[in-house]
Every structure is written in structure tokens, then in C-alpha cells.
Amino acid sequence: MSSTASVAKNLISKVKLNDGVEMPLFGLGVYLIKDNCEHLIHAALDKGYRLLDTAELYHNEAGVGDGLKKSGLAREDVFIVSKWFPSNEGAEGAKKALSTCLKNLKSDYVDLYLLHAPQGGKCAEAYRALLDCKKNKQIRSLGVSNFGVHHLEAMEKLGLEAPSVNQIELHPWQQKTDIVDYCRKKGIAVMGYSPLAKGNKVKDETVRKIAQKLNKTPGQVLIRWSVQHGFITIPKTSNESRLEENADVFNWTIPDEDMNILVMNT
Ligand SMILES: NC(=O)c1ccc[n+]([C@@H]2O[C@H](COP(=O)([O-])OP(=O)(O)OC[C@H]3O[C@@H](n4cnc5c(N)ncnc54)[C@H](OP(=O)(O)O)[C@@H]3O)[C@@H](O)[C@H]2O)c1
């Protein structure tokens with residue numbers, strides 16, 4: 001495994017990104033968490049989660065900021081990721097979105113800011129503007145999401161600084177080994193989203209059998225699969241009672257024979 005692929009040993013294990021920033025390898029995804037966001041973030045931080053993944057699209061950046069305030073933890077103890085879908089507004093759109101993000105978070109900076117997808121026609125312009133915001137310390141690390149190999153190659157051809165992270169959908173039905181291998185070769189950390197396949201595969205027969213054999217829940221097997229691959233892993237739950245279950249994925253392993261079975265057809 002390369003230096004950008006470390007298997008988390010606990011909730012505070014970190015990976016050093018290509019710009020020297022240290023990022024937790026495990027956290028909470030907050031897509032679709034609305035009304036109880038502040039409470040849930042507080043509960044997650046209380047249970048030791050230290051990485052939170054939000055986005056402009058999720059309309060809960062403010063709830064994340066409120067939850068952090070409520071927890072009483074220092075800003076620097078929690079790593080916050082947010083993202084913005086590039087629009088045809090290019091650089092101006094990027095700076096506006098970042099400024100709203102920081103207001104919502106009630107923070108001078110965001111730890112990792114991602115271009116949410118390679119779209120909008122002015123990605124390079126937006127990325128350059130965000131690199132300036134990184135110089136101004138409004139962003140600690142800059143990354144991308146849903147970028148394929150050809151998008152990353154295009155960035156390199158344009159002479160753009162490599163992103164620190166590429167966040168892509170990863171679970172046994174979405175292995176994307178071409179993107180993962182490329183990112184690792186280039187020193188870009190791989191962050192997997194939807195480790196539970198959006199909740200759609202927890203009843204899958206193969207996963208269920210492996211869970212039964214290991215005396216774990218199917219959800220834990222799917223989350224552990226991502227952790228064991230060395231991906232930065234962010235399962236989402238809006239259910240406080242699942243926070244502990246989903247974070248109990250460190251002091252056991254899925255045997256190789258079962259990891260080899262968990263290569264599923266899409
Ligand atoms: N960059 C992108 O384009 C992108 C796209 C999608 C997601 N993401 C990020 O990745 C995070 C995670 O992905 P996701 O939200 O798509 O899906 P996910 O984490 O794969 O799955 C979440 C679903 O699984 C359920 N669940 C959680 N824990 C469970 C358990 N132990 N057993 C059974 N079911 C369980 C949740 O229900 P409850 O809430 O009821 O527990 C929810 O329905 C998002 O929140 C977001 O931060 C990024």
C-alpha cells in the first residue's frame with residue numbers, strides 16, 4: 001500500500017495528505033441530515049468522531065457548525081469537509097460558495113474543500129480561484145470529487161496543482177480500481193463515499209453470511225471493507241443509535257478469503 005493508503009486503527013487515525021495536512025481516516029457523512037443535524041453532530045463528536053463530511057448541496061453546513069459549537073470541542077480538533085458543484089460562474093461562483101460555507105460553519109477556514117463533480121464547464125478556473133483561497137488560509141486542503149482518471153489527467157495537463165483528495169463512490173459493487181490505482185500512484189488520497197451502498201445492500205445475502213460468520217452486522221462488514229482498503233470512510237446515519245455500531249470497525253478484520261468474495265458485479 002502506498003503512503004496515501006493507511007488503514008485506520010481507531011477514530012483518530014490520520015493520513016498525511018500530499019500538502020502535509022493530516023486528515024482523519026474515518027468520519028460521519030451528513031447527506032440528508034436536516035432537522036436533527038446539530039444534535040447528531042454533537043452526539044457523533046461525543047462518541048469520538050472527528051471528521052464530518054458536508055456540502056453546499058446538503059443544506060446543513062450551518063447544522064455542522066452549530067453541532068461543533070455545542071460539543072465544546074476546539075475548532076482545530078475537528079476536520080470538516082465541504083463541497084461545491086462548479087457552476088458556469090467559475091471563479092466568482094467558487095469564492096461565493098466558499099464564503100457562504102465559512103459563514104455557515106462559523107469558522108475562518110474549512111479543512112478540506114472539494115469540487116463536488118467535474119461539471120459546469122469552468123472547473124479549472126474555479127480550482128485556480130480555490131487555490132488562491134488556500135493560500136489565504138480559508139481552505140487547508142483542496143480536493144475533488146467524482147473525478148475519473150481522464151479528469152485528473154486533464155488537470156495535470158493544465159499544470160494545476162494535484163488535488164489532495166478525490167472523493168468517489170466505493171463499496172463492493174463500485175470498486176473503481178482504475179481511479180483508486182491512479183490516485184495512489186499520484187499521491188492523491190482516496191476518500192470513499194456511500195460505504196453502505198446508500199443502505200441498499202445491507203440485506204445482500206453474501207454480506208449477510210460474512211457478517212454472521214464474523215459475528216458483526218452487515219453494515220459493519222460494508223464499512224470495514226472500505227476501512228480495510230485504506231479508503232477515508234464516511235458512513236452516513238441519521239440514527240444516533242447507529243453511530244457506535246458504525247464506528248466499531250477497527251479491532252477486527254475481514255479475512256482475505258471474504259474480501260475476495262466481496263468483489264461484486266454492479
Ligand atoms: N461526493 C459525492 O458526490 C457524494 C455522494 C454521496 C454521498 N457522499 C457522502 O458520503 C456519505 C455517505 O454516503 P451515503 O449517505 O450516500 O450512504 P451510505 O453511508 O452508504 O448509507 C447511508 C444509508 O445507510 C443506512 N445505514 C447507516 N448505518 C447503517 C447500519 N449500520 N445498518 C443498516 N443501515 C445503515 C442509513 O440509514 P439511517 O440514516 O436511517 O441510519 C442510510 O439510509 C454522505 O452522507 C455524504 O457525506 C458524497
# chains A, B, ... in the order shown; residues from 1 in each chain; ligands from 1
call {"tool": "residues_near_ligand", "arguments": {"ligand": "ligand 1", "cutoff": "8 Å", "atoms": "only C-alpha atoms and all ligand atoms", "output": "PyMOL selection string"}}
result
chain A and resi 28-33+52-55+83+116-117+145-146+167-169+192-200+202+217-220+234-240+242-243+245-246
call {"tool": "write_last_selection", "arguments": {"atoms": "N, CA and C atoms", "output": "compact mmCIF listing (two decimals), in the first residue's frame"}}
result
# COMPACT_ATOMS: atom_id res chain seq x y z
N LEU A 28 -18.15 10.95 9.75
CA LEU A 28 -19.60 10.87 9.53
C LEU A 28 -19.98 11.65 8.28
N GLY A 29 -20.69 11.00 7.37
CA GLY A 29 -21.28 11.69 6.22
C GLY A 29 -22.63 12.23 6.63
N VAL A 30 -22.96 13.45 6.20
CA VAL A 30 -24.21 14.04 6.72
C VAL A 30 -25.22 14.38 5.61
N TYR A 31 -25.11 13.69 4.48
CA TYR A 31 -26.10 13.87 3.41
C TYR A 31 -27.49 13.51 3.94
N LEU A 32 -28.46 14.32 3.64
CA LEU A 32 -29.87 14.10 4.02
C LEU A 32 -30.14 14.27 5.51
N ILE A 33 -29.16 14.76 6.26
CA ILE A 33 -29.41 15.02 7.68
C ILE A 33 -29.84 16.48 7.81
N LEU A 52 -16.13 15.26 9.64
CA LEU A 52 -17.52 15.47 9.23
C LEU A 52 -17.53 15.85 7.76
N ASP A 53 -18.42 15.20 6.99
CA ASP A 53 -18.46 15.46 5.55
C ASP A 53 -19.80 16.07 5.15
N THR A 54 -19.77 17.37 4.83
CA THR A 54 -20.99 18.06 4.43
C THR A 54 -20.81 18.60 3.00
N ALA A 55 -21.74 19.41 2.54
CA ALA A 55 -21.67 20.02 1.20
C ALA A 55 -22.71 21.12 1.12
N LYS A 83 -18.20 20.79 0.12
CA LYS A 83 -18.02 20.72 -1.33
C LYS A 83 -18.99 21.65 -2.03
N HIS A 116 -17.33 19.39 -6.18
CA HIS A 116 -18.22 18.24 -5.95
C HIS A 116 -18.26 17.28 -7.14
N ALA A 117 -18.06 17.82 -8.35
CA ALA A 117 -18.09 16.98 -9.55
C ALA A 117 -17.43 17.74 -10.70
N SER A 145 -14.10 15.64 -6.25
CA SER A 145 -14.99 14.50 -6.00
C SER A 145 -15.59 14.06 -7.33
N ASN A 146 -15.77 12.76 -7.46
CA ASN A 146 -16.36 12.18 -8.68
C ASN A 146 -15.50 12.45 -9.92
N GLN A 167 -12.78 12.24 -3.76
CA GLN A 167 -13.86 11.51 -3.06
C GLN A 167 -14.76 10.87 -4.11
N ILE A 168 -14.83 9.52 -4.08
CA ILE A 168 -15.61 8.80 -5.09
C ILE A 168 -16.44 7.70 -4.42
N GLU A 169 -17.48 7.25 -5.11
CA GLU A 169 -18.31 6.18 -4.54
C GLU A 169 -17.52 4.87 -4.55
N GLY A 192 -13.71 7.35 0.17
CA GLY A 192 -14.84 6.61 -0.40
C GLY A 192 -16.15 7.14 0.16
N TYR A 193 -17.10 7.38 -0.71
CA TYR A 193 -18.43 7.72 -0.18
C TYR A 193 -19.41 6.58 -0.42
N SER A 194 -20.55 6.64 0.29
CA SER A 194 -21.58 5.60 0.25
C SER A 194 -21.02 4.21 0.57
N PRO A 195 -20.27 4.06 1.69
CA PRO A 195 -19.70 2.74 2.01
C PRO A 195 -20.78 1.67 2.24
N LEU A 196 -21.99 2.13 2.62
CA LEU A 196 -23.09 1.17 2.83
C LEU A 196 -23.93 1.02 1.55
N ALA A 197 -23.36 1.46 0.42
CA ALA A 197 -24.09 1.45 -0.85
C ALA A 197 -25.46 2.12 -0.65
N LYS A 198 -25.45 3.23 0.07
CA LYS A 198 -26.63 4.05 0.36
C LYS A 198 -27.70 3.27 1.14
N GLY A 199 -27.28 2.23 1.84
CA GLY A 199 -28.21 1.43 2.64
C GLY A 199 -28.89 0.34 1.83
N ASN A 200 -28.58 0.28 0.53
CA ASN A 200 -29.31 -0.65 -0.36
C ASN A 200 -28.82 -2.09 -0.29
N VAL A 202 -27.47 -3.74 2.64
CA VAL A 202 -27.28 -4.36 3.96
C VAL A 202 -28.03 -5.69 4.08
N THR A 217 -22.47 -6.94 12.20
CA THR A 217 -23.68 -6.63 11.43
C THR A 217 -23.28 -6.44 9.96
N PRO A 218 -24.23 -6.61 9.04
CA PRO A 218 -23.91 -6.39 7.62
C PRO A 218 -23.36 -4.96 7.39
N GLY A 219 -23.91 -3.98 8.10
CA GLY A 219 -23.43 -2.61 7.96
C GLY A 219 -21.96 -2.52 8.35
N GLN A 220 -21.59 -3.18 9.43
CA GLN A 220 -20.19 -3.14 9.86
C GLN A 220 -19.27 -3.80 8.84
N ILE A 234 -16.67 7.40 5.29
CA ILE A 234 -17.64 8.32 5.92
C ILE A 234 -19.08 7.78 5.87
N PRO A 235 -19.38 6.69 6.59
CA PRO A 235 -20.76 6.21 6.58
C PRO A 235 -21.71 7.28 7.12
N LYS A 236 -22.90 7.33 6.52
CA LYS A 236 -23.92 8.27 6.99
C LYS A 236 -24.95 7.52 7.83
N THR A 237 -25.33 8.11 8.94
CA THR A 237 -26.54 7.68 9.63
C THR A 237 -27.20 8.89 10.25
N SER A 238 -28.53 8.90 10.21
CA SER A 238 -29.26 9.98 10.89
C SER A 238 -29.77 9.45 12.22
N ASN A 239 -29.32 8.24 12.53
CA ASN A 239 -29.84 7.48 13.64
C ASN A 239 -28.76 7.40 14.74
N GLU A 240 -28.95 8.16 15.79
CA GLU A 240 -27.92 8.25 16.83
C GLU A 240 -27.48 6.87 17.33
N ARG A 242 -27.01 4.26 15.78
CA ARG A 242 -26.10 3.52 14.89
C ARG A 242 -24.68 4.09 14.88
N LEU A 243 -24.48 5.23 15.55
CA LEU A 243 -23.15 5.87 15.49
C LEU A 243 -22.07 4.94 16.03
N GLU A 245 -22.24 1.56 16.47
CA GLU A 245 -22.15 0.35 15.62
C GLU A 245 -21.26 0.64 14.41
N ASN A 246 -21.50 1.77 13.76
CA ASN A 246 -20.77 2.07 12.53
C ASN A 246 -19.30 2.41 12.76
call {"tool": "closest_residue", "arguments": {"among": "A:His59, A:Lys201, A:Lys106, A:Lys137", "to": "Leu262 (chain A)", "atoms": "only C-alpha atoms"}}
result
A:Lys201
call {"tool": "residues_around", "arguments": {"residues": "region 178-187 of chain A", "least_positions_apart": "2", "cutoff": "12 Å", "atoms": "only C-alpha atoms", "output": "MDAnalysis selection string"}}
result
chainID A and resid 1:6 15:20 143:153 156 161:170 174:176 189:192 229:232
call {"tool": "select_by_dssp", "arguments": {"residues": "region 110-224 of chain A", "states": "strand (DSSP E or B)", "output": "list in words"}}
result
Val110, Asp111, Leu112, Tyr113, Leu114, Leu115, Ile139, Arg140, Ser141, Leu142, Gly143, Val144, Ser145, Val165, Asn166, Gln167, Ile168, Glu169, His171, Gln174, Ala189, Val190, Met191, Gly192 and Tyr193 of chain A
